[in-house]
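A.B. asks: Coordinates in upload08.txt, compact mmCIF, C-alpha atoms, are listed below.
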```txt
# COMPACT_ATOMS: atom_id res chain seq x y z
CA VAL J 869 -15.95 6.90 5.01
CA MET J 870 -15.70 3.56 3.29
CA SER J 871 -18.48 1.03 3.48
CA GLN J 872 -17.77 -2.53 4.57
CA SER J 873 -18.60 -4.26 1.31
CA GLN J 874 -16.78 -2.08 -1.19
CA LYS J 875 -14.76 -3.43 -4.07
CA VAL J 876 -11.31 -1.89 -3.75
CA LEU J 877 -8.25 -1.95 -5.98
CA VAL J 878 -5.04 -2.37 -3.96
CA ALA J 879 -2.00 -1.27 -5.94
CA GLY J 880 1.33 -2.89 -5.01
CA THR J 881 2.02 -6.42 -3.76
CA GLY J 882 4.75 -5.61 -1.22
CA LEU J 883 4.35 -5.68 2.55
CA SER J 884 1.92 -2.76 2.74
CA GLY J 885 -0.18 -3.87 -0.27
CA ILE J 886 -0.73 -7.38 1.11
CA SER J 887 -1.47 -5.94 4.54
CA ALA J 888 -3.99 -3.40 3.15
CA ALA J 889 -5.70 -6.16 1.13
CA LYS J 890 -6.04 -8.35 4.25
CA LEU J 891 -7.54 -5.48 6.23
CA LEU J 892 -10.10 -4.76 3.49
CA LEU J 893 -11.04 -8.46 3.32
CA ASP J 894 -11.38 -8.54 7.14
CA MET J 895 -13.82 -5.66 6.84
CA GLY J 896 -15.93 -7.65 4.41
CA GLY J 897 -14.74 -5.93 1.27
CA GLU J 898 -13.71 -7.38 -2.08
CA VAL J 899 -10.19 -6.78 -3.39
CA VAL J 900 -8.55 -6.49 -6.78
CA LEU J 901 -4.82 -6.81 -6.04
CA TYR J 902 -2.80 -5.13 -8.78
CA ASP J 903 0.89 -4.94 -9.64
CA SER J 904 2.33 -3.48 -12.83
CA ASN J 905 5.06 -6.15 -12.85
CA PRO J 906 3.75 -8.88 -15.22
CA GLU J 907 6.53 -11.26 -14.08
CA LEU J 908 5.04 -11.82 -10.61
CA ASP J 909 3.52 -15.18 -9.76
CA ALA J 910 -0.25 -14.78 -9.25
CA GLU J 911 -0.59 -18.21 -7.65
CA GLU J 912 2.09 -17.40 -5.10
CA LEU J 913 0.32 -14.13 -4.24
CA LYS J 914 -2.95 -16.04 -3.80
CA HIS J 915 -1.25 -18.16 -1.10
CA GLU J 916 -0.98 -15.04 1.08
CA PHE J 917 -4.77 -15.18 1.54
CA ASP J 918 -7.43 -17.67 2.63
CA GLU J 919 -8.59 -20.00 -0.12
CA ASP J 920 -12.07 -18.52 -0.27
CA ALA J 921 -10.91 -14.88 -0.04
CA ARG J 922 -12.78 -12.50 -2.35
CA ILE J 923 -9.66 -11.42 -4.21
CA THR J 924 -8.71 -11.13 -7.87
CA ILE J 925 -5.11 -10.63 -8.97
CA VAL J 926 -4.24 -8.44 -11.96
CA LEU J 927 -0.64 -8.16 -13.19
CA GLY J 928 0.89 -6.01 -15.94
CA GLU J 929 -1.22 -3.39 -17.66
CA LEU J 930 -4.35 -2.17 -15.88
CA LYS J 931 -7.36 -1.99 -18.19
CA ARG J 932 -10.66 -0.16 -17.78
CA THR J 933 -12.42 -3.54 -17.64
CA ASP J 934 -10.38 -4.53 -14.56
CA LEU J 935 -12.08 -1.64 -12.75
CA LEU J 936 -15.69 -2.79 -13.09
CA GLY J 937 -17.37 -2.17 -9.75
CA VAL J 938 -14.19 -0.78 -8.16
CA GLU J 939 -15.07 2.17 -5.92
CA MET J 940 -11.66 3.22 -4.67
CA CYS J 941 -7.95 2.44 -4.83
CA VAL J 942 -5.48 2.00 -1.97
CA ILE J 943 -1.96 2.72 -3.22
CA SER J 944 1.27 1.41 -1.67
CA PRO J 945 3.79 4.11 -0.65
CA GLY J 946 6.45 2.97 -3.11
CA ILE J 947 4.30 3.75 -6.16
CA PRO J 948 4.57 7.21 -7.75
CA LEU J 949 1.35 8.98 -8.72
CA GLU J 950 2.86 9.36 -12.21
CA ALA J 951 2.65 5.58 -12.73
CA PRO J 952 0.68 4.89 -15.96
CA PHE J 953 -2.16 2.99 -14.24
CA VAL J 954 -2.95 6.04 -12.07
CA ALA J 955 -4.10 7.88 -15.20
CA VAL J 956 -6.56 5.02 -15.84
CA LEU J 957 -7.92 5.47 -12.28
CA ASP J 958 -8.19 9.25 -12.68
CA GLU J 959 -10.02 8.83 -15.93
CA ALA J 960 -12.49 6.45 -14.23
CA LYS J 961 -12.79 9.02 -11.39
CA ILE J 962 -11.76 6.44 -8.78
CA PRO J 963 -10.48 8.07 -5.56
CA ILE J 964 -6.98 7.08 -4.42
CA TRP J 965 -6.20 6.53 -0.75
CA SER J 966 -2.85 5.90 0.84
CA GLU J 967 -2.37 2.84 3.02
CA ILE J 968 -2.19 5.08 6.13
CA GLN J 969 -5.53 6.68 5.25
CA LEU J 970 -7.16 3.25 5.09
CA ALA J 971 -5.57 2.24 8.42
CA TYR J 972 -6.58 5.54 10.03
CA GLN J 973 -10.21 4.93 9.05
CA CYS J 974 -10.21 1.58 10.88
CA ALA J 975 -7.96 2.39 13.84
CA LYS J 976 -8.96 3.58 17.31
CA GLY J 977 -7.13 5.47 20.03
CA ARG J 978 -4.58 8.26 19.75
CA LEU J 979 -1.99 8.71 17.04
CA ALA J 980 1.46 10.30 16.83
CA ALA J 981 2.76 10.55 13.24
CA ILE J 982 6.37 11.33 12.36
CA THR J 983 7.70 12.45 9.00
CA GLY J 984 10.80 14.19 7.67
CA THR J 985 13.61 13.40 5.29
CA ASN J 986 15.99 11.87 7.84
CA GLY J 987 15.73 10.39 11.32
CA LYS J 988 12.17 9.05 11.06
CA THR J 989 12.99 5.46 11.97
CA THR J 990 15.08 6.29 15.04
CA THR J 991 12.60 8.89 16.29
CA THR J 992 9.67 6.52 15.75
CA ALA J 993 11.45 3.62 17.50
CA LEU J 994 12.45 5.79 20.49
CA THR J 995 8.99 7.39 20.78
CA GLY J 996 7.47 3.90 20.62
CA GLU J 997 9.70 2.66 23.46
CA ILE J 998 8.78 5.68 25.59
CA MET J 999 5.07 5.09 24.99
CA LYS J 1000 5.40 1.39 25.86
CA ALA J 1001 7.01 2.29 29.19
CA TYR J 1002 3.94 4.32 30.16
CA TYR J 1003 0.89 3.07 28.24
CA GLU J 1004 -0.62 -0.40 28.19
CA SER J 1005 -1.58 -0.71 24.51
CA VAL J 1006 1.03 0.67 22.08
CA PHE J 1007 1.58 0.01 18.38
CA VAL J 1008 4.64 1.16 16.44
CA VAL J 1009 4.09 1.16 12.70
CA GLY J 1010 5.64 2.54 9.56
CA ASN J 1011 7.71 2.20 6.47
CA ILE J 1012 10.25 -0.13 7.93
CA GLY J 1013 8.58 -2.77 10.03
CA ILE J 1014 4.86 -3.29 10.50
CA PRO J 1015 2.44 -1.57 8.13
CA TYR J 1016 -0.22 0.52 9.92
CA THR J 1017 -2.95 -1.52 8.18
CA GLN J 1018 -1.67 -4.69 9.86
CA VAL J 1019 -2.58 -3.55 13.38
CA ALA J 1020 -5.47 -1.14 12.71
CA MET J 1021 -8.12 -3.68 13.76
CA GLU J 1022 -6.27 -4.52 17.00
CA THR J 1023 -6.21 -0.93 18.28
CA GLU J 1024 -8.62 0.04 21.09
CA ASP J 1025 -9.89 3.39 22.36
CA ASP J 1026 -7.06 3.55 24.89
CA SER J 1027 -4.35 2.53 22.39
CA VAL J 1028 -1.51 4.76 21.32
CA THR J 1029 -0.09 4.33 17.82
CA VAL J 1030 3.27 5.79 16.77
CA ALA J 1031 3.56 5.91 12.99
CA GLU J 1032 6.50 6.63 10.75
CA VAL J 1033 5.02 8.29 7.69
CA SER J 1034 6.68 9.01 4.35
CA SER J 1035 5.93 11.89 2.02
CA PHE J 1036 4.71 9.32 -0.51
CA GLN J 1037 1.99 8.24 1.92
CA LEU J 1038 0.96 11.82 2.64
CA GLU J 1039 0.21 12.49 -1.04
CA THR J 1040 -3.05 10.59 -0.79
CA ILE J 1041 -4.56 11.26 2.64
CA MET J 1042 -8.13 12.48 3.13
CA ASP J 1043 -9.01 12.99 6.82
CA PHE J 1044 -5.83 11.49 8.34
CA ARG J 1045 -5.43 13.46 11.58
CA PRO J 1046 -2.72 12.69 14.14
CA ASP J 1047 -3.09 14.00 17.70
CA VAL J 1048 0.60 14.85 17.51
CA SER J 1049 2.48 15.30 14.25
CA ALA J 1050 6.21 15.86 13.81
CA ILE J 1051 8.25 17.02 10.82
CA LEU J 1052 11.91 16.42 11.65
CA ASN J 1053 13.56 18.15 8.68
CA ILE J 1054 13.13 18.76 4.99
CA THR J 1055 16.08 18.33 2.66
CA PRO J 1056 15.98 18.07 -1.13
CA ASP J 1057 15.12 14.40 -1.27
CA HIS J 1058 12.82 12.44 -3.56
CA LEU J 1059 12.74 15.24 -6.10
CA ASN J 1060 12.50 12.57 -8.79
CA ARG J 1061 9.09 11.84 -7.32
CA HIS J 1062 7.79 15.20 -6.15
CA HIS J 1063 9.55 17.13 -8.95
CA THR J 1064 9.92 20.41 -7.13
CA MET J 1065 11.04 21.26 -3.65
CA GLU J 1066 7.80 23.28 -3.23
CA CYS J 1067 5.77 20.17 -3.97
CA TYR J 1068 7.82 18.06 -1.58
CA ILE J 1069 7.53 20.65 1.19
CA ALA J 1070 3.78 20.97 0.67
CA VAL J 1071 3.38 17.20 0.90
CA LYS J 1072 5.41 16.92 4.12
CA GLU J 1073 3.50 19.82 5.67
CA SER J 1074 0.19 18.19 4.75
CA ILE J 1075 0.64 15.90 7.79
CA THR J 1076 -0.93 18.82 9.71
CA SER J 1077 -3.69 19.57 7.20
CA ASN J 1078 -6.51 18.04 9.26
CA GLN J 1079 -5.15 18.97 12.67
CA THR J 1080 -7.02 21.43 14.90
CA GLU J 1081 -6.18 23.70 17.84
CA GLU J 1082 -6.51 20.65 20.12
CA ASP J 1083 -3.62 18.92 18.36
CA THR J 1084 0.14 19.46 18.44
CA CYS J 1085 2.84 19.75 15.78
CA VAL J 1086 6.55 19.27 16.58
CA LEU J 1087 8.93 21.08 14.21
CA ASN J 1088 12.66 21.57 13.70
CA TYR J 1089 13.44 25.26 14.36
CA ASP J 1090 16.80 25.01 12.57
CA ASP J 1091 15.09 24.14 9.31
CA LYS J 1092 14.20 27.50 7.73
CA VAL J 1093 11.22 26.08 5.85
CA LEU J 1094 9.78 24.48 8.99
CA ARG J 1095 10.43 27.53 11.16
CA GLU J 1096 8.46 29.71 8.74
CA PHE J 1097 5.74 27.06 8.52
CA GLY J 1098 5.50 26.86 12.32
CA GLN J 1099 5.15 30.62 12.59
CA SER J 1100 2.50 30.96 9.88
CA GLU J 1101 -1.03 32.06 10.70
CA GLU J 1102 -2.66 29.18 8.78
CA LEU J 1103 -1.19 26.45 11.00
CA LYS J 1104 -3.89 25.39 13.48
CA PRO J 1105 -2.20 22.95 15.94
CA LYS J 1106 -0.03 24.09 18.85
CA VAL J 1107 3.60 24.19 17.71
CA ILE J 1108 6.53 22.85 19.72
CA PHE J 1109 9.95 23.67 18.27
CA PHE J 1110 13.25 21.89 18.90
CA SER J 1111 16.72 23.18 18.01
CA SER J 1112 20.23 21.78 18.17
CA ARG J 1113 21.80 25.12 17.18
CA GLN J 1114 20.19 27.91 19.20
CA LYS J 1115 18.57 28.66 22.52
CA LEU J 1116 14.80 28.94 22.31
CA ASP J 1117 12.45 30.95 24.52
CA ASP J 1118 9.90 28.16 24.08
CA GLY J 1119 10.68 24.57 23.15
CA TYR J 1120 13.50 22.06 23.43
CA TYR J 1121 17.07 23.00 22.61
CA LEU J 1122 20.60 21.66 22.87
CA ASP J 1123 23.19 23.87 24.59
CA GLY J 1124 26.60 22.24 24.94
CA ASP J 1125 25.86 18.69 26.09
CA MET J 1126 22.55 19.52 27.75
CA ILE J 1127 19.03 19.36 26.35
CA TYR J 1128 16.84 22.09 27.89
CA TYR J 1129 13.11 22.72 27.85
CA ALA J 1130 12.12 26.37 27.85
CA LYS J 1131 8.72 27.91 28.52
CA ASN J 1132 8.21 31.68 28.50
CA LYS J 1133 12.00 32.16 28.50
CA LYS J 1134 12.44 29.99 31.63
CA ALA J 1135 14.65 26.98 30.88
CA GLU J 1136 15.10 23.74 32.80
CA ALA J 1137 17.72 21.07 32.11
CA VAL J 1138 16.18 17.82 30.84
CA LEU J 1139 18.94 15.44 29.79
CA ASP J 1140 22.71 15.32 29.36
CA VAL J 1141 23.38 13.83 25.90
CA ARG J 1142 26.56 12.17 27.22
CA GLU J 1143 24.22 9.76 29.02
CA LEU J 1144 22.67 8.61 25.73
CA ASN J 1145 23.67 5.57 23.68
CA LEU J 1146 22.87 7.50 20.50
CA LEU J 1147 25.62 9.54 18.91
CA GLY J 1148 25.71 12.65 16.76
CA ARG J 1149 23.80 15.90 16.46
CA HIS J 1150 21.17 14.35 14.14
CA ASN J 1151 20.39 11.83 16.87
CA TYR J 1152 20.16 14.53 19.53
CA GLU J 1153 17.58 16.19 17.29
CA ASN J 1154 15.73 12.87 17.03
CA VAL J 1155 15.78 12.56 20.83
CA MET J 1156 14.43 16.11 21.31
CA ALA J 1157 11.66 15.38 18.83
CA ALA J 1158 10.79 12.13 20.65
CA ILE J 1159 10.72 13.97 23.99
CA ALA J 1160 8.46 16.68 22.59
CA ILE J 1161 6.06 14.15 21.02
CA SER J 1162 5.95 12.03 24.19
CA ARG J 1163 5.26 15.00 26.47
CA ALA J 1164 2.48 16.12 24.13
CA MET J 1165 1.04 12.59 24.37
CA GLY J 1166 0.98 12.88 28.18
CA VAL J 1167 4.05 10.86 29.24
CA PRO J 1168 5.84 12.20 32.37
CA MET J 1169 9.32 13.61 31.79
CA GLU J 1170 10.83 11.19 34.30
CA THR J 1171 9.71 8.17 32.22
CA ILE J 1172 10.87 9.81 28.98
CA VAL J 1173 14.37 10.51 30.29
CA LYS J 1174 14.77 7.02 31.73
CA VAL J 1175 13.84 5.33 28.42
CA ALA J 1176 15.93 7.74 26.32
CA LYS J 1177 19.04 6.87 28.35
CA GLU J 1178 18.47 3.13 27.85
CA PHE J 1179 17.61 3.32 24.17
CA LYS J 1180 20.06 1.85 21.64
CA ALA J 1181 20.02 2.22 17.88
CA VAL J 1182 18.07 -0.51 16.16
CA GLU J 1183 21.19 -2.56 15.53
CA HIS J 1184 21.85 -4.70 12.46
CA ARG J 1185 18.13 -5.12 11.84
CA ILE J 1186 17.91 -2.86 8.83
CA GLU J 1187 19.75 -0.35 11.01
CA PHE J 1188 20.02 3.05 9.33
CA VAL J 1189 23.72 3.89 9.30
CA LEU J 1190 24.02 7.17 7.44
CA GLU J 1191 22.97 9.11 4.38
CA ARG J 1192 25.65 10.44 2.06
CA SER J 1193 25.08 12.20 -1.27
CA GLY J 1194 21.45 11.14 -1.22
CA VAL J 1195 22.25 7.45 -0.66
CA LYS J 1196 20.94 5.83 2.52
CA TYR J 1197 23.02 3.00 3.99
CA TYR J 1198 21.42 0.27 6.11
CA ASN J 1199 23.13 -2.48 8.10
CA ASP J 1200 21.11 -5.68 7.95
CA SER J 1201 23.95 -7.97 8.95
CA ILE J 1202 21.59 -9.98 11.15
CA ALA J 1203 20.29 -11.43 7.86
CA THR J 1204 22.41 -14.60 7.74
CA SER J 1205 19.73 -16.86 6.31
CA PRO J 1206 17.71 -16.71 3.07
CA SER J 1207 14.45 -15.98 4.97
CA ARG J 1208 16.00 -13.00 6.75
CA VAL J 1209 17.44 -11.72 3.46
CA ILE J 1210 13.97 -11.98 1.93
CA SER J 1211 12.29 -10.01 4.74
CA GLY J 1212 15.12 -7.47 4.62
CA VAL J 1213 14.82 -6.68 0.90
CA ARG J 1214 11.02 -6.62 1.18
CA ALA J 1215 11.18 -3.90 3.84
CA PHE J 1216 12.05 -1.21 1.31
CA ASN J 1217 9.54 0.51 -0.92
CA GLN J 1218 11.96 0.98 -3.79
CA LYS J 1219 14.62 -1.13 -5.49
CA ILE J 1220 17.84 -1.30 -3.53
CA ILE J 1221 21.54 -2.00 -3.97
CA ALA J 1222 22.32 -5.11 -1.91
CA ILE J 1223 25.74 -6.33 -0.77
CA GLN J 1224 25.59 -10.08 -0.13
CA GLY J 1225 27.79 -13.11 0.38
CA GLY J 1226 29.72 -14.36 3.37
CA SER J 1227 30.23 -17.80 4.80
CA ASP J 1228 28.42 -20.86 3.47
CA LYS J 1229 25.97 -22.37 5.97
CA GLY J 1230 24.73 -24.92 3.45
CA ASN J 1231 21.39 -23.11 2.95
CA ASP J 1232 19.43 -23.37 -0.30
CA LEU J 1233 20.17 -19.87 -1.61
CA SER J 1234 17.91 -20.18 -4.66
CA VAL J 1235 14.81 -19.43 -2.52
CA MET J 1236 16.00 -15.79 -2.30
CA VAL J 1237 16.15 -15.34 -6.06
CA PRO J 1238 12.52 -14.27 -6.79
CA ASP J 1239 12.78 -11.50 -4.17
CA LEU J 1240 16.22 -10.42 -5.37
CA LEU J 1241 14.82 -10.07 -8.90
CA THR J 1242 11.87 -8.03 -7.65
CA HIS J 1243 13.51 -5.79 -5.03
CA VAL J 1244 17.18 -5.37 -6.01
CA LYS J 1245 18.66 -3.36 -8.89
CA ILE J 1246 22.38 -3.95 -8.21
CA LEU J 1247 23.67 -7.04 -6.41
CA VAL J 1248 27.23 -6.76 -5.09
CA LEU J 1249 28.59 -10.21 -4.18
CA ASN J 1250 31.57 -11.17 -2.05
CA GLY J 1251 32.71 -13.90 0.33
CA ALA J 1252 32.42 -17.67 0.12
CA THR J 1253 28.84 -17.76 -1.19
CA ALA J 1254 29.32 -15.15 -3.96
CA ASP J 1255 29.52 -17.75 -6.77
CA LYS J 1256 26.59 -19.75 -5.37
CA ILE J 1257 24.31 -16.71 -5.24
CA GLU J 1258 25.41 -15.59 -8.71
CA GLN J 1259 24.71 -19.03 -10.22
CA ALA J 1260 21.29 -19.18 -8.55
CA VAL J 1261 20.35 -15.77 -10.01
CA LEU J 1262 21.69 -16.56 -13.50
CA ALA J 1263 19.77 -19.84 -13.52
CA ALA J 1264 16.42 -18.11 -12.94
CA PRO J 1265 14.30 -18.25 -16.13
CA ASP J 1266 13.09 -14.65 -15.63
CA TYR J 1267 16.52 -13.15 -14.90
CA ASP J 1268 17.03 -9.95 -16.91
CA PRO J 1269 20.54 -8.40 -16.73
CA ASP J 1270 19.03 -4.98 -17.55
CA GLN J 1271 16.85 -5.16 -14.46
CA LEU J 1272 19.42 -6.64 -12.06
CA GLN J 1273 23.11 -5.96 -12.42
CA ILE J 1274 25.57 -8.29 -10.68
CA ILE J 1275 28.93 -7.00 -9.47
CA LYS J 1276 31.50 -9.38 -8.03
```
Could you render the structure from this file as structure tokens?
C.D. replies:
Amino acid sequence: VMSQSQKVLVAGTGLSGISAAKLLLDMGGEVVLYDSNPELDAEELKHEFDEDARITIVLGELKRTDLLGVEMCVISPGIPLEAPFVAVLDEAKIPIWSEIQLAYQCAKGRLAAITGTNGKTTTTALTGEIMKAYYESVFVVGNIGIPYTQVAMETEDDSVTVAEVSSFQLETIMDFRPDVSAILNITPDHLNRHHTMECYIAVKESITSNQTEEDTCVLNYDDKVLREFGQSEELKPKVIFFSSRQKLDDGYYLDGDMIYYAKNKKAEAVLDVRELNLLGRHNYENVMAAIAISRAMGVPMETIVKVAKEFKAVEHRIEFVLERSGVKYYNDSIATSPSRVISGVRAFNQKIIAIQGGSDKGNDLSVMVPDLLTHVKILVLNGATADKIEQAVLAAPDYDPDQLQIIK
């Protein structure tokens, strides 16, 4: 357990890095905020914090001398453990925590944590809505949206937190223990980061590593890896399976248009998917997972079904559209001003391909440029403002065509 006055290195200056740094400062700690990108503006980063905040900013290469007095490192989810500075930390024997581990240490109340390759955001959003309909104090946190560290101090003993958790965050957990965990699916994703499928599977499954018999784990029965995992002797929490392809003796399953819940081979109808606003088998799986998590967290079925029927996809606000050939497509068409574009591109933990342009509302588009340079690798421009955006990017003194390609 961390002490209040530790000196901590926070790696990454995106949403979760800034949020983790603020939480550590709130706890009375001292922070070294580090980013390997030497082009960032240290003064601008300083503005994120109070003037007298005990924070030092280090950009570019991390040296041993930067680590004097540093007792641990909190790493942002977008940073691979192969990053060169991690070797410097290992050599100095400095433990590395993920942002969710830090938040977990400070948070109170009960926790549901959701991981998987696809469907996390929808499942998390729906589970969050269900919780809010029944519990007083509910926090929905995760990769897209509010970092867990941002609300950790606000949680109370009767709070419920629903967290969307990525495999990257699970690589560096210590005692992170959700009351209910869910792994929605595992497909060969992120192999550039985890190298082997075995590694990736092990990381996803580690969401259950600290769970006990009192806890619950929700798993996709149709995913061979997860079915075997759920049936293994080593797994301590109670397992609830869901399936969109076969009838189960125990668990939630889709048969025709009806979702059923079975216990000891007795099945009862729960919900007709034709009454949902969500479309597609993958979404029916997300709904079953959300139902299973919510029941395990003590919400009555009546409340769950009512909210599920009313729930709509998170439209236009970084709305996940589909994944094809390993590429995820998001609709952020609500972003019609530079400030919304900035918060949109900042929501992702890796560099993105952005399609921008459209009608000219007379905004100063140059304010977006620093974030475009940091968060975008390919910028596809169209519409009336295409030339304006292109000129603003080309005029930036630190524009590097190798880092950001423009297509018009």
A.B. asks: Determine the nearest neighbour of Lys1180 in chain J from the options J:Gln1271, J:Gln973, J:Thr990, J:Ser1049, counting all atoms listed in the file.
C.D. replies: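 Comparing J:Gln1271, J:Gln973, J:Thr990, J:Ser1049 against Lys1180 in chain J, the winner is J:Thr990.
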A.B. asks: Give me, please, the distance in Å between CA of Arg922 in chain J and CA of Glu898 in chain J, quoted to one decimal.
C.D. replies: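 CA of Glu898 in chain J lies 5.2 Å from CA of Arg922 in chain J.
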A.B. asks: Each residue of range 879-990 of chain J with at least one atom at most 10 Å from range 1187-1210 of chain J should appear once, together with its nearest atom pair and the corresponding distance in Å (one decimal); atoms considered: only C-alpha atoms; ordering: chain, then increasing residue number; output as JSON lines.
C.D. replies:
```
{"residue": "J:Asn986", "atom": "CA", "partner": "J:Glu1191", "partner_atom": "CA", "distance": 8.3}
{"residue": "J:Gly987", "atom": "CA", "partner": "J:Phe1188", "partner_atom": "CA", "distance": 8.7}
{"residue": "J:Thr989", "atom": "CA", "partner": "J:Phe1188", "partner_atom": "CA", "distance": 7.9}
{"residue": "J:Thr990", "atom": "CA", "partner": "J:Phe1188", "partner_atom": "CA", "distance": 8.2}
```
A.B. asks: Rank J:Arg978, J:Arg932, J:His1243, J:Lys1072 by their smallest atom-to-atom distance to Gln1218 in chain J, using all atoms listed in the file, and report the top residue only.
C.D. replies: J:His1243
A.B. asks: Dump as a PyMOL selection string all residues having an atom at most 10 Å from (8.1, 4.3, 23.8), computed in the file's coordinates with all atoms listed in the file.
C.D. replies: chain J and resi 991-1003+1006-1008+1028+1030+1158+1162+1167+1171-1172+1175-1176+1179
A.B. asks: Between J:Met895, J:Met1165, J:Leu935, J:Leu930, which residue has the minimum interatomic distance to Thr1017 in chain J, considering only C-alpha atoms?
C.D. replies: J:Met895
A.B. asks: Might you pull out every residue within 12 Å of range 903-916 of chain J, with all atoms listed in the file counted and same-chain residues fewer than 3 positions away left off, and present them as a PyMOL selection string?
C.D. replies: chain J and resi 877-883+885-887+889-890+899-900+919-931+943-944+946-947+951-954+1238-1239+1241-1243+1265-1268+1271
A.B. asks: Need to verify the contact set: Ser1035 in chain J, 8 Å, only C-alpha atoms, exclusion of same-chain residues closer than 4 positions in sequence. Can you return it as a short mmCIF file (atom, residue, chain, number, x, y, z; two decimals) with C-alpha atoms, keeping the file's coordinate frame?
C.D. replies:
```
data_model
loop_
_atom_site.label_atom_id
_atom_site.label_comp_id
_atom_site.auth_asym_id
_atom_site.auth_seq_id
_atom_site.Cartn_x
_atom_site.Cartn_y
_atom_site.Cartn_z
CA THR J 983 7.70 12.45 9.00
CA GLY J 984 10.80 14.19 7.67
CA GLU J 1039 0.21 12.49 -1.04
CA TYR J 1068 7.82 18.06 -1.58
CA VAL J 1071 3.38 17.20 0.90
CA LYS J 1072 5.41 16.92 4.12
#
```
A.B. asks: When you draw a straight line from CA of Gly977 in chain J to CA of Thr1023 in chain J, how long is it in Å?
C.D. replies: 6.7 Å
A.B. asks: Give me, please, the distance in Å between CA of Leu1139 in chain J and CA of Thr985 in chain J, quoted to one decimal.
C.D. replies: 25.2 Å
A.B. asks: Using all atoms listed in the file, find all polymer residues with an atom at most 10 Å away from the point (27.6, -21.9, 7.6); report them as an NGL selection string.
C.D. replies: :J and (1204-1205 or 1226-1231 or 1252-1253)
A.B. asks: Step by step, gather every atom of range 900-903 of chain J that the file lists, find the box along x, y and z that holds them, add 3 Å on each side, and finally give centre and edge lengths in Å to one decimal, as lines of an AutoDock Vina configuration file.
C.D. replies:
```
center_x = -3.8
center_y = -5.9
center_z = -7.8
size_x = 15.4
size_y = 7.9
size_z = 9.6
```
A.B. asks: For Cys941 in chain J, please output as a list in words all residues within 7 Å (counting only C-alpha atoms; exclusion window: fewer than 4 positions along the same chain).
C.D. replies: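 With the cut-off at 7 Å, the set is Val876, Leu877, Val878, Ile962, Pro963, Ile964 and Trp965 of chain J.
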A.B. asks: Print the selection's residues with C-alpha atoms to a file, as an mmCIF file, in the frame of the given file.
C.D. replies:
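Output (again-v6.cif):
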```
data_model
loop_
_atom_site.group_PDB
_atom_site.id
_atom_site.type_symbol
_atom_site.label_atom_id
_atom_site.label_comp_id
_atom_site.auth_asym_id
_atom_site.auth_seq_id
_atom_site.Cartn_x
_atom_site.Cartn_y
_atom_site.Cartn_z
ATOM 1 C CA VAL J 876 -11.310 -1.890 -3.750
ATOM 2 C CA LEU J 877 -8.250 -1.950 -5.980
ATOM 3 C CA VAL J 878 -5.040 -2.370 -3.960
ATOM 4 C CA ILE J 962 -11.760 6.440 -8.780
ATOM 5 C CA PRO J 963 -10.480 8.070 -5.560
ATOM 6 C CA ILE J 964 -6.980 7.080 -4.420
ATOM 7 C CA TRP J 965 -6.200 6.530 -0.750
#
```
